[in-house]
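Asker: You'll find target_5.cif just under this line, and it carries mmCIF, C-alpha atoms.
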```cif
data_target
loop_
_atom_site.label_atom_id
_atom_site.label_comp_id
_atom_site.auth_asym_id
_atom_site.auth_seq_id
_atom_site.Cartn_x
_atom_site.Cartn_y
_atom_site.Cartn_z
CA MET A 27 46.27 -56.80 -37.66
CA ASP A 28 43.31 -57.01 -35.31
CA GLU A 29 40.09 -56.67 -37.30
CA LEU A 30 38.73 -54.07 -34.90
CA ASP A 31 41.80 -51.91 -35.36
CA LEU A 32 41.41 -52.06 -39.10
CA LEU A 33 37.82 -50.99 -38.62
CA LYS A 34 38.91 -48.18 -36.32
CA GLN A 35 41.00 -46.70 -39.10
CA ASP A 36 38.07 -46.72 -41.46
CA TRP A 37 35.73 -45.49 -38.74
CA ASN A 38 37.72 -42.36 -38.05
CA LYS A 39 38.00 -41.41 -41.67
CA ASP A 40 35.90 -38.58 -42.96
CA HIS A 41 32.80 -40.36 -44.22
CA SER A 42 31.56 -37.89 -46.76
CA ASP A 43 29.14 -40.52 -48.00
CA TYR A 44 26.87 -39.93 -45.00
CA LYS A 45 23.99 -37.72 -45.89
CA ASN A 46 24.93 -34.21 -44.87
CA TYR A 47 22.02 -32.53 -43.11
CA GLU A 48 21.94 -28.81 -43.83
CA ALA A 49 20.70 -26.36 -41.19
CA PRO A 50 17.13 -25.97 -42.62
CA GLU A 51 16.73 -29.77 -42.63
CA ILE A 52 17.83 -29.97 -38.99
CA TYR A 53 15.39 -27.17 -38.07
CA SER A 54 12.54 -29.14 -39.58
CA LEU A 55 13.63 -32.31 -37.76
CA LEU A 56 13.34 -30.52 -34.41
CA HIS A 57 9.61 -30.16 -34.87
CA LYS A 58 8.92 -33.72 -35.96
CA LYS A 59 7.02 -36.07 -33.67
CA SER A 60 9.02 -38.36 -31.45
CA SER A 61 8.28 -42.08 -31.49
CA SER A 62 10.08 -42.72 -28.24
CA ILE A 63 9.06 -45.57 -25.98
CA VAL A 64 8.71 -43.17 -23.05
CA LYS A 65 6.11 -41.20 -24.96
CA THR A 66 4.16 -44.36 -25.80
CA LEU A 67 4.33 -45.43 -22.17
CA PHE A 68 3.10 -42.00 -21.10
CA TYR A 69 0.08 -42.18 -23.40
CA ILE A 70 -0.77 -45.66 -22.20
CA SER A 71 -0.56 -44.66 -18.55
CA VAL A 72 -2.78 -41.61 -19.06
CA ALA A 73 -5.25 -43.74 -21.04
CA GLU A 74 -5.31 -46.27 -18.22
CA LEU A 75 -5.95 -43.70 -15.54
CA VAL A 76 -8.76 -42.18 -17.57
CA PHE A 77 -10.19 -45.60 -18.44
CA TRP A 78 -10.38 -46.84 -14.85
CA VAL A 79 -11.73 -43.54 -13.55
CA LEU A 80 -14.43 -43.60 -16.24
CA ILE A 81 -15.32 -47.23 -15.53
CA SER A 82 -15.85 -46.35 -11.89
CA TYR A 83 -17.73 -43.10 -12.26
CA VAL A 84 -19.57 -43.10 -15.58
CA PRO A 85 -22.51 -45.26 -14.39
CA TYR A 86 -23.26 -42.53 -11.89
CA PHE A 87 -23.81 -39.99 -14.63
CA CYS A 88 -25.43 -42.25 -17.20
CA SER A 89 -28.23 -43.99 -15.42
CA ASP A 90 -30.77 -42.36 -13.13
CA SER A 91 -31.57 -45.55 -11.24
CA MET A 92 -27.86 -46.16 -10.74
CA LYS A 93 -27.47 -42.61 -9.52
CA GLN A 94 -30.30 -43.06 -7.05
CA ARG A 95 -28.93 -46.33 -5.77
CA LEU A 96 -25.43 -44.94 -5.47
CA GLU A 97 -26.76 -41.97 -3.51
CA GLU A 98 -28.47 -44.38 -1.15
CA SER A 99 -25.22 -46.27 -0.80
CA TYR A 100 -23.50 -43.12 0.39
CA GLU A 101 -25.51 -43.47 3.60
CA ASN A 102 -23.32 -46.47 4.31
CA PRO A 103 -20.07 -45.27 5.97
CA TRP A 104 -18.17 -48.24 4.47
CA PHE A 105 -19.08 -47.16 0.98
CA VAL A 106 -18.10 -43.54 1.65
CA GLY A 107 -14.79 -44.75 3.07
CA LEU A 108 -14.11 -46.89 0.01
CA THR A 109 -14.92 -44.01 -2.36
CA VAL A 110 -12.57 -41.66 -0.52
CA LEU A 111 -9.90 -44.37 -0.56
CA GLY A 112 -10.43 -44.71 -4.31
CA PHE A 113 -9.73 -41.01 -4.86
CA VAL A 114 -6.69 -41.08 -2.59
CA VAL A 115 -5.28 -44.05 -4.51
CA ILE A 116 -5.76 -42.25 -7.84
CA ALA A 117 -4.04 -39.14 -6.46
CA VAL A 118 -1.13 -41.22 -5.16
CA PHE A 119 -0.71 -42.99 -8.51
CA VAL A 120 -0.87 -39.73 -10.47
CA TYR A 121 1.84 -38.33 -8.21
CA LEU A 122 4.02 -41.47 -8.51
CA LEU A 123 3.65 -41.52 -12.28
CA TYR A 124 4.46 -37.85 -12.57
CA SER A 125 7.58 -38.11 -10.42
CA SER A 126 8.87 -41.22 -12.16
CA TYR A 127 8.35 -39.64 -15.59
CA LYS A 128 10.20 -36.55 -14.40
CA SER A 129 13.12 -38.72 -13.31
CA ILE A 130 13.62 -40.19 -16.80
CA SER A 131 16.53 -38.40 -18.40
CA THR A 132 18.21 -39.18 -21.69
CA THR A 133 21.50 -37.87 -20.34
CA ASP A 134 21.67 -40.55 -17.63
CA ASN A 135 23.86 -43.55 -18.22
CA VAL A 136 22.32 -46.37 -20.25
CA ARG A 137 21.61 -48.60 -17.27
CA ARG A 138 20.01 -45.94 -15.09
CA LEU A 139 17.79 -44.74 -17.92
CA MET A 140 16.49 -48.27 -18.45
CA LYS A 141 15.96 -48.73 -14.72
CA ARG A 142 13.88 -45.56 -14.49
CA ILE A 143 11.71 -46.47 -17.46
CA LEU A 144 11.09 -49.90 -15.97
CA ARG A 145 10.20 -48.28 -12.65
CA THR A 146 7.61 -46.14 -14.39
CA ARG A 147 6.18 -49.23 -16.02
CA LYS A 148 5.96 -50.82 -12.56
CA VAL A 149 3.88 -47.93 -11.24
CA ILE A 150 1.40 -48.50 -14.09
CA LYS A 151 1.46 -52.23 -13.41
CA TYR A 152 0.59 -51.73 -9.75
CA TYR A 153 -2.23 -49.39 -10.69
CA VAL A 154 -3.71 -51.99 -13.02
CA LEU A 155 -3.25 -54.67 -10.37
CA TYR A 156 -4.97 -52.50 -7.78
CA ASN A 157 -7.96 -52.05 -10.09
CA LEU A 158 -8.19 -55.74 -10.87
CA ILE A 159 -8.07 -56.67 -7.18
CA MET A 160 -10.79 -54.10 -6.50
CA ILE A 161 -12.96 -55.67 -9.22
CA PHE A 162 -12.37 -59.11 -7.78
CA ILE A 163 -13.35 -57.97 -4.29
CA SER A 164 -16.24 -55.74 -5.28
CA VAL A 165 -18.21 -58.33 -7.28
CA PRO A 166 -18.92 -60.72 -4.36
CA LEU A 167 -19.29 -57.68 -2.11
CA SER A 168 -21.95 -56.10 -4.29
CA LEU A 169 -23.72 -59.46 -4.40
CA TYR A 170 -23.81 -59.33 -0.64
CA PHE A 171 -25.12 -55.73 -0.58
CA GLU A 172 -27.75 -56.67 -3.15
CA PHE A 173 -28.84 -59.51 -0.87
CA GLU A 174 -29.05 -57.15 2.09
CA GLN A 175 -30.84 -54.29 0.39
CA ASN A 176 -32.86 -55.72 -2.49
CA PRO A 177 -35.90 -57.55 -1.07
CA VAL A 178 -36.66 -59.40 -4.35
CA PHE A 179 -33.14 -60.76 -4.62
CA HIS A 180 -33.16 -61.50 -0.88
CA ASP A 181 -36.29 -63.65 -1.23
CA GLU A 182 -34.91 -65.47 -4.26
CA VAL A 183 -31.69 -66.36 -2.48
CA GLU A 184 -33.49 -67.38 0.68
CA HIS A 185 -35.55 -69.88 -1.27
CA MET A 186 -32.41 -71.52 -2.60
CA ASN A 187 -31.07 -74.66 -1.08
CA ASN A 188 -27.42 -74.96 -0.08
CA THR A 189 -26.29 -76.44 -3.39
CA GLN A 190 -27.93 -73.67 -5.41
CA MET A 191 -26.32 -71.03 -3.19
CA MET A 192 -22.93 -72.62 -3.59
CA ILE A 193 -23.40 -72.71 -7.37
CA LEU A 194 -24.37 -69.01 -7.43
CA LEU A 195 -21.31 -68.09 -5.38
CA GLY A 196 -19.02 -70.40 -7.36
CA VAL A 197 -20.20 -69.09 -10.74
CA THR A 198 -19.80 -65.47 -9.59
CA ILE A 199 -16.25 -66.06 -8.40
CA VAL A 200 -15.21 -68.07 -11.47
CA VAL A 201 -16.66 -65.52 -13.94
CA THR A 202 -14.98 -62.64 -12.11
CA ALA A 203 -11.68 -64.51 -11.97
CA ILE A 204 -11.81 -65.23 -15.71
CA LEU A 205 -12.63 -61.59 -16.49
CA VAL A 206 -9.84 -60.29 -14.26
CA GLY A 207 -7.44 -62.92 -15.64
CA LEU A 208 -8.20 -61.93 -19.23
CA ILE A 209 -7.59 -58.25 -18.55
CA TRP A 210 -4.32 -59.12 -16.78
CA LEU A 211 -3.24 -61.29 -19.69
CA PHE A 212 -3.97 -58.44 -22.06
CA TYR A 213 -1.70 -56.12 -20.06
CA ARG A 214 1.07 -58.68 -19.83
CA LEU A 215 0.97 -59.04 -23.59
CA LEU A 216 0.83 -55.30 -24.22
CA TYR A 217 3.82 -54.50 -22.02
CA GLY A 218 5.59 -57.69 -22.97
CA ILE A 219 5.60 -56.65 -26.62
CA LEU A 220 6.32 -52.99 -25.94
CA LEU A 221 9.18 -53.54 -23.53
CA LYS A 222 10.66 -56.78 -24.82
CA ARG A 223 13.81 -55.17 -26.17
CA LEU A 224 14.26 -52.93 -23.15
CA ASN A 225 13.92 -55.82 -20.72
CA ARG A 226 16.37 -57.91 -22.70
CA ASN A 227 18.98 -55.13 -22.79
CA TYR A 228 18.51 -54.33 -19.13
CA GLU A 229 18.98 -57.97 -18.17
CA GLU A 230 22.12 -58.05 -20.29
CA LEU A 231 23.62 -55.10 -18.40
CA LYS A 232 22.42 -56.35 -15.01
CA ARG A 233 23.68 -59.86 -15.57
CA PHE A 234 27.09 -58.44 -16.03
CA GLU A 235 27.08 -56.52 -12.80
CA VAL A 236 26.24 -59.45 -10.53
CA MET B 25 15.90 -16.66 -26.35
CA ASN B 26 14.33 -19.80 -27.79
CA LYS B 27 15.43 -18.83 -31.27
CA GLU B 28 18.96 -18.31 -30.03
CA LEU B 29 18.96 -21.67 -28.33
CA GLU B 30 17.61 -23.32 -31.47
CA HIS B 31 20.22 -21.61 -33.57
CA SER B 32 23.18 -22.65 -31.41
CA PHE B 33 21.85 -26.22 -31.22
CA VAL B 34 21.45 -26.54 -34.98
CA GLU B 35 24.89 -25.11 -35.51
CA GLN B 36 26.53 -27.58 -33.11
CA LEU B 37 24.57 -30.56 -34.39
CA GLN B 38 25.43 -29.73 -37.96
CA LYS B 39 29.09 -29.67 -37.00
CA HIS B 40 28.96 -32.96 -35.08
CA GLN B 41 26.33 -34.81 -37.10
CA ASN B 42 28.79 -37.55 -37.97
CA ILE B 43 28.48 -38.90 -34.42
CA VAL B 44 24.75 -39.41 -34.92
CA HIS B 45 25.36 -40.99 -38.32
CA LYS B 46 27.83 -43.41 -36.79
CA VAL B 47 25.36 -44.50 -34.09
CA CYS B 48 22.72 -44.99 -36.78
CA ARG B 49 25.13 -46.98 -38.88
CA LEU B 50 25.65 -49.60 -36.17
CA TYR B 51 22.04 -49.82 -35.04
CA THR B 52 20.21 -49.92 -38.36
CA ASP B 53 20.54 -52.01 -41.46
CA ASN B 54 18.93 -49.94 -44.17
CA ALA B 55 18.77 -46.33 -45.30
CA ASP B 56 15.18 -45.63 -44.19
CA ALA B 57 15.81 -46.97 -40.71
CA HIS B 58 18.98 -44.91 -40.58
CA ASN B 59 17.06 -41.72 -41.36
CA ASP B 60 14.33 -42.63 -38.87
CA LEU B 61 16.84 -43.13 -36.08
CA PHE B 62 18.70 -39.96 -37.06
CA GLN B 63 15.44 -38.06 -36.69
CA GLU B 64 14.66 -39.57 -33.28
CA ILE B 65 18.15 -38.88 -31.93
CA THR B 66 17.93 -35.28 -33.15
CA ILE B 67 14.58 -34.83 -31.37
CA GLN B 68 15.94 -36.31 -28.14
CA LEU B 69 19.10 -34.18 -28.34
CA TRP B 70 17.01 -31.07 -28.85
CA ARG B 71 14.77 -31.91 -25.88
CA ALA B 72 17.75 -32.46 -23.64
CA TYR B 73 19.63 -29.42 -24.94
CA PRO B 74 18.24 -26.79 -22.50
CA LYS B 75 19.86 -28.80 -19.70
CA PHE B 76 23.18 -29.07 -21.49
CA ARG B 77 25.49 -26.95 -19.37
CA GLY B 78 28.59 -27.09 -21.43
CA ASP B 79 30.60 -28.63 -18.59
CA SER B 80 31.15 -31.61 -20.85
CA LYS B 81 31.98 -31.43 -24.51
CA PHE B 82 28.98 -31.26 -26.84
CA SER B 83 30.24 -34.37 -28.60
CA THR B 84 30.57 -36.37 -25.34
CA TRP B 85 27.06 -35.35 -24.37
CA MET B 86 25.87 -36.48 -27.81
CA TYR B 87 27.29 -39.99 -27.28
CA ARG B 88 25.06 -40.51 -24.28
CA VAL B 89 21.84 -39.21 -25.75
CA GLY B 90 22.56 -40.92 -29.07
CA LEU B 91 23.25 -44.32 -27.54
CA ASN B 92 20.35 -44.04 -25.10
CA THR B 93 18.01 -43.30 -27.97
CA ALA B 94 19.33 -46.12 -30.15
CA ILE B 95 19.34 -48.72 -27.37
CA THR B 96 16.35 -47.77 -25.27
CA LEU B 97 14.05 -45.09 -26.57
CA TYR B 98 13.81 -45.78 -30.27
CA ARG B 99 10.92 -47.89 -31.44
CA LYS B 100 11.31 -49.30 -34.88
CA SER B 101 8.63 -48.04 -37.16
CA LYS B 102 6.32 -50.78 -38.39
CA ARG B 103 5.15 -48.99 -41.49
CA ARG B 104 8.61 -48.87 -42.95
CA VAL B 105 9.19 -51.01 -45.98
CA LYS B 106 12.52 -52.75 -46.11
CA THR B 107 14.61 -51.18 -48.79
CA GLN B 108 18.04 -51.74 -50.17
CA ALA B 109 20.83 -53.19 -48.07
CA PHE B 110 23.28 -50.75 -46.62
CA ASP B 111 26.80 -51.07 -47.71
CA SER B 112 25.91 -51.33 -51.34
CA VAL B 113 24.20 -47.96 -51.42
CA GLN B 114 24.60 -45.38 -48.75
CA PHE B 115 27.87 -46.36 -47.17
CA LYS B 116 29.98 -47.54 -49.97
CA ILE B 117 33.33 -48.28 -48.43
CA LYS B 118 35.90 -46.47 -50.41
CA ALA B 119 38.20 -48.71 -52.34
CA ASP B 120 40.96 -46.22 -52.89
CA ALA B 121 42.48 -46.54 -49.43
CA TYR B 122 42.41 -50.31 -49.24
CA ASP B 123 43.03 -53.24 -51.43
CA ASP B 124 40.14 -55.55 -52.22
CA THR B 125 40.81 -57.93 -49.36
CA GLU B 126 40.72 -55.16 -46.80
CA GLU B 127 37.58 -53.73 -48.28
CA GLU B 128 35.93 -57.12 -48.13
CA GLN B 129 37.15 -57.57 -44.58
CA LEU B 130 35.63 -54.25 -43.54
CA LYS B 131 32.29 -55.17 -45.04
CA LEU B 132 32.35 -58.45 -43.15
CA MET B 133 33.23 -56.59 -39.95
CA TYR B 134 30.31 -54.19 -40.25
CA ASN B 135 27.98 -57.08 -40.90
CA ALA B 136 29.37 -58.96 -37.92
CA ILE B 137 28.86 -55.96 -35.63
CA ARG B 138 25.24 -55.68 -36.72
CA GLN B 139 24.72 -59.22 -35.48
CA LEU B 140 25.78 -58.28 -31.94
CA ASN B 141 23.24 -57.37 -29.28
CA ASP B 142 22.47 -53.70 -28.51
CA ILE B 143 24.80 -53.47 -25.51
CA ASP B 144 27.74 -55.08 -27.32
CA LYS B 145 27.21 -52.68 -30.20
CA ALA B 146 27.48 -49.78 -27.76
CA LEU B 147 30.79 -51.16 -26.49
CA VAL B 148 32.12 -51.46 -30.02
CA PHE B 149 30.91 -47.97 -30.84
CA LEU B 150 32.68 -46.41 -27.85
CA TYR B 151 35.80 -48.44 -28.55
CA LEU B 152 35.87 -47.25 -32.14
CA GLU B 153 35.37 -43.71 -30.92
CA ASP B 154 38.55 -44.17 -28.91
CA LYS B 155 36.88 -43.82 -25.52
CA ASN B 156 38.80 -45.17 -22.55
CA TYR B 157 37.29 -47.77 -20.20
CA LYS B 158 36.41 -45.14 -17.62
CA GLU B 159 34.27 -43.28 -20.15
CA ILE B 160 32.77 -46.52 -21.47
CA SER B 161 31.84 -47.61 -17.95
CA GLU B 162 30.30 -44.21 -17.16
CA THR B 163 28.25 -44.17 -20.33
CA LEU B 164 26.87 -47.66 -19.87
CA GLY B 165 26.53 -47.58 -16.09
CA ILE B 166 28.73 -50.60 -15.39
CA SER B 167 32.04 -50.86 -13.55
CA GLU B 168 35.33 -50.22 -15.33
CA VAL B 169 36.53 -53.78 -14.72
CA ASN B 170 33.34 -55.17 -16.22
CA ALA B 171 33.59 -52.86 -19.20
CA ARG B 172 37.04 -54.27 -19.87
CA VAL B 173 35.97 -57.90 -19.46
CA LYS B 174 32.92 -57.32 -21.60
CA MET B 175 34.95 -55.68 -24.34
CA ASN B 176 37.22 -58.71 -24.48
CA ARG B 177 34.19 -60.96 -24.80
CA VAL B 178 32.83 -58.82 -27.60
CA LYS B 179 36.11 -59.14 -29.46
CA LYS B 180 35.93 -62.91 -29.06
CA LYS B 181 32.33 -62.92 -30.24
CA LEU B 182 33.30 -60.96 -33.34
CA LYS B 183 36.08 -63.40 -34.06
CA THR B 184 33.65 -66.30 -33.82
CA ILE B 185 31.19 -64.61 -36.16
CA LEU B 186 33.96 -63.85 -38.64
CA ASN B 187 35.64 -67.27 -38.46
CA PRO B 188 32.89 -69.76 -37.71
#
```
Please re-express this file's structure in structure tokens.
Answerer:
Amino acid sequence: MDELDLLKQDWNKDHSDYKNYEAPEIYSLLHKKSSSIVKTLFYISVAELVFWVLISYVPYFCSDSMKQRLEESYENPWFVGLTVLGFVVIAVFVYLLYSSYKSISTTDNVRRLMKRILRTRKVIKYYVLYNLIMIFISVPLSLYFEFEQNPVFHDEVEHMNNTQMMILLGVTIVVTAILVGLIWLFYRLLYGILLKRLNRNYEELKRFEV
Amino acid sequence: MNKELEHSFVEQLQKHQNIVHKVCRLYTDNADAHNDLFQEITIQLWRAYPKFRGDSKFSTWMYRVGLNTAITLYRKSKRRVKTQAFDSVQFKIKADAYDDTEEEQLKLMYNAIRQLNDIDKALVFLYLEDKNYKEISETLGISEVNARVKMNRVKKKLKTILNP
């Protein structure tokens, strides 16, 4: 006899050795906390949104000199444009996250559920990537604004010879790249660990459909 | 209203709880993990319940949510301490219906299934639950032909594990 058929016979027997949950026990289970991966992903995405918003706007509220300088910057139409763009991007990401979370349903088939969770993770990934690119662009850009607007810094740079200027630029770019790279690596690790099993299972199903 | 909903859910789950136990049995290897997964599946079933329209059987609907939770949503708890192995304690296979060889064979089978990957386990589960290939393909989200081919591969894999 086929082993699986033998197992089928046993499988369909009444297994009274399973723990029998009585109604009060089931009631109490309903109010327990879920440890689902979707919930974890949701917390991480909210934390990320809050984190990046804080990073961008806290200096404004914390330091008076920063506040003053930022207010001066708002006279520059480029800066105003960038700030508005920043808010629009946040709004778009919040909307995308919300709609992709809403689309996750446990009653979907296994493959579609995985696909939707991975799509949500992608939205978060692009948000992180957007922030990292903004950091990478804004560091040399703020160096340039500092040169334009801060007379002391302007004088210092003007007294530099070509080699010194190249070193300043090079060091700025390298340090920013390392910083951005480290943050990116951290995210890769975080999601890599969190979604390792999901990715593996999704690949297994996908591989079969090609 | 909410109380009514809760009541009807608990009643149905209590009646069909064996389905959840069976999913847990394939996807976990000790009693604590089994209870953990049972809890998570119950929570997910309860969350999805308001949308359950009754156009499918409650049990069929449970297969989906149960498997989705076991394969995708459930995160193994880190704080859990590994306790006793399964078959020796919670799921003692009854000896009365089988002779010793069959009993031993069943134990080996369960162990072999636990070595399969999550998707293969789902195939075995649905096969054991007597689901046809149409239902298997709909639950997993693959084509019927592929479900059939994959099931044959799983059977071969099990044979290899059992007779190395």
Asker: If we count all atoms listed in the file, which residues of chain A reach to within 7 Å of chain B? Please list them as a PyMOL selection string.
Answerer: chain A and resi 33-34+37+43-44+47-49+52-53+55-56+60-64+132-133+135-138+140+224+227+235
Asker: Would you compute the distance between CA of Asp31 (chain A) and CA of Ile137 (chain B)? Give it in Å to one decimal.
Answerer: 13.6 Å
Asker: What's the separation between CA of Ile219 (chain A) and CA of Ile163 (chain A), in Å to one decimal place?
Answerer: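 Calculated distance between CA of Ile219 (chain A) and CA of Ile163 (chain A) is 29.3 Å.
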Asker: For Phe113 (chain A), find every residue with an atom within 12 Å (counting all atoms listed in the file), except residues of its own chain fewer than 3 positions away, and show them as a list in words.
Answerer: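 Skipping anything fewer than 3 positions along the chain leaves Leu75, Trp78, Val79, Ser82, Tyr83, Val106, Gly107, Leu108, Thr109, Val110, Ile116, Ala117, Val118, Phe119 and Val120 of chain A.
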Asker: Please indicate the distance in Å from CA of Tyr51 (chain B) to CA of Lys232 (chain A), rounded to one decimal place.
Answerer: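 Here the two named atoms are 21.1 Å from each other.
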Asker: Just so the selection is clear, what residues does the PyMOL selection byres ((chain A and resi 165-168) around 8) cover here, as a list in words?
Answerer: Ile161, Phe162, Ile163, Ser164, Leu169, Tyr170, Phe171, Glu172, Leu195, Thr198, Ile199 and Thr202 of chain A
Asker: Grab the residues selected above and save them as a CSV table (one decimal), in the frame of the given file with C-alpha atoms.
Answerer:
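Wrote out-v3.csv, looks like this:
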```
chain,number,residue,atom,x,y,z
A,161,ILE,CA,-13.0,-55.7,-9.2
A,162,PHE,CA,-12.4,-59.1,-7.8
A,163,ILE,CA,-13.4,-58.0,-4.3
A,164,SER,CA,-16.2,-55.7,-5.3
A,169,LEU,CA,-23.7,-59.5,-4.4
A,170,TYR,CA,-23.8,-59.3,-0.6
A,171,PHE,CA,-25.1,-55.7,-0.6
A,172,GLU,CA,-27.8,-56.7,-3.2
A,195,LEU,CA,-21.3,-68.1,-5.4
A,198,THR,CA,-19.8,-65.5,-9.6
A,199,ILE,CA,-16.2,-66.1,-8.4
A,202,THR,CA,-15.0,-62.6,-12.1
```
Asker: Go through A:Val76, A:Leu32, A:Val178, A:Leu67 and flag the residue nearest Thr146 (chain A), using all atoms listed in the file for the distances.
Answerer: A:Leu67
Asker: Have a look at A:Leu231, A:Gly112, A:Lys59, A:Leu220 and name the one nearest to Tyr153 (chain A); count all atoms listed in the file.
Answerer: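 Ranking A:Leu231, A:Gly112, A:Lys59, A:Leu220 by distance to Tyr153 (chain A), first place goes to A:Gly112.
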Asker: For this structure, which residues satisfy the selection - the PyMOL selection byres ((chain A and resi 95) around 12) - when it is evaluated on the file as given? I want them as an NGL selection string.
Answerer: :A and (85-86 or 89-94 or 96-102 or 105 or 171-172 or 175-176)
Asker: Name the residues that the PyMOL selection byres ((chain A and resi 152) around 12) pulls out of this structure, and write them as a list in words.
Answerer: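 Taken on the displayed file, the PyMOL selection byres ((chain A and resi 152) around 12) yields the residues Ser71, Glu74, Leu75, Val115, Ile116, Val118, Phe119, Leu122, Leu123, Arg145, Thr146, Arg147, Lys148, Val149, Ile150, Lys151, Tyr153, Val154, Leu155, Tyr156, Asn157, Leu158, Ile159, Trp210 and Tyr213 of chain A.
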Asker: Emit as lines of an AutoDock Vina configuration file the padded axis-aligned box for all listed atoms of region 175-184 of chain B, 3 Å per side, with centre and edge lengths in Å to one decimal.
Answerer:
```
center_x = 34.8
center_y = -61.0
center_z = -29.2
size_x = 10.9
size_y = 16.6
size_z = 15.7
```
Asker: Please produce region 84-97 of chain A, completed to N, CA and C atoms, as an mmCIF file, in the coordinates of the input.
Answerer:
```cif
data_model
loop_
_atom_site.group_PDB
_atom_site.id
_atom_site.type_symbol
_atom_site.label_atom_id
_atom_site.label_comp_id
_atom_site.auth_asym_id
_atom_site.auth_seq_id
_atom_site.Cartn_x
_atom_site.Cartn_y
_atom_site.Cartn_z
ATOM 1 N N VAL A 84 -18.598 -43.393 -14.522
ATOM 2 C CA VAL A 84 -19.570 -43.100 -15.580
ATOM 3 C C VAL A 84 -20.985 -43.587 -15.253
ATOM 4 N N PRO A 85 -21.144 -44.800 -14.670
ATOM 5 C CA PRO A 85 -22.510 -45.260 -14.390
ATOM 6 C C PRO A 85 -23.303 -44.242 -13.579
ATOM 7 N N TYR A 86 -22.600 -43.520 -12.749
ATOM 8 C CA TYR A 86 -23.260 -42.530 -11.890
ATOM 9 C C TYR A 86 -23.922 -41.438 -12.723
ATOM 10 N N PHE A 87 -23.276 -41.077 -13.815
ATOM 11 C CA PHE A 87 -23.810 -39.990 -14.630
ATOM 12 C C PHE A 87 -24.746 -40.470 -15.734
ATOM 13 N N CYS A 88 -24.672 -41.748 -16.044
ATOM 14 C CA CYS A 88 -25.430 -42.250 -17.200
ATOM 15 C C CYS A 88 -26.823 -42.742 -16.832
ATOM 16 N N SER A 89 -26.937 -43.377 -15.704
ATOM 17 C CA SER A 89 -28.230 -43.990 -15.420
ATOM 18 C C SER A 89 -28.827 -43.396 -14.145
ATOM 19 N N ASP A 90 -30.103 -42.993 -14.273
ATOM 20 C CA ASP A 90 -30.770 -42.360 -13.130
ATOM 21 C C ASP A 90 -30.948 -43.334 -11.971
ATOM 22 N N SER A 91 -31.331 -44.579 -12.318
ATOM 23 C CA SER A 91 -31.570 -45.550 -11.240
ATOM 24 C C SER A 91 -30.248 -45.862 -10.526
ATOM 25 N N MET A 92 -29.182 -45.904 -11.317
ATOM 26 C CA MET A 92 -27.860 -46.160 -10.740
ATOM 27 C C MET A 92 -27.484 -45.015 -9.813
ATOM 28 N N LYS A 93 -27.801 -43.807 -10.287
ATOM 29 C CA LYS A 93 -27.470 -42.610 -9.520
ATOM 30 C C LYS A 93 -28.204 -42.651 -8.165
ATOM 31 N N GLN A 94 -29.479 -43.014 -8.266
ATOM 32 C CA GLN A 94 -30.300 -43.060 -7.050
ATOM 33 C C GLN A 94 -29.743 -44.097 -6.073
ATOM 34 N N ARG A 95 -29.428 -45.250 -6.634
ATOM 35 C CA ARG A 95 -28.930 -46.330 -5.770
ATOM 36 C C ARG A 95 -27.578 -45.973 -5.164
ATOM 37 N N LEU A 96 -26.748 -45.319 -5.985
ATOM 38 C CA LEU A 96 -25.430 -44.940 -5.470
ATOM 39 C C LEU A 96 -25.581 -43.918 -4.349
ATOM 40 N N GLU A 97 -26.557 -42.980 -4.552
ATOM 41 C CA GLU A 97 -26.760 -41.970 -3.510
ATOM 42 C C GLU A 97 -27.223 -42.617 -2.217
#
```
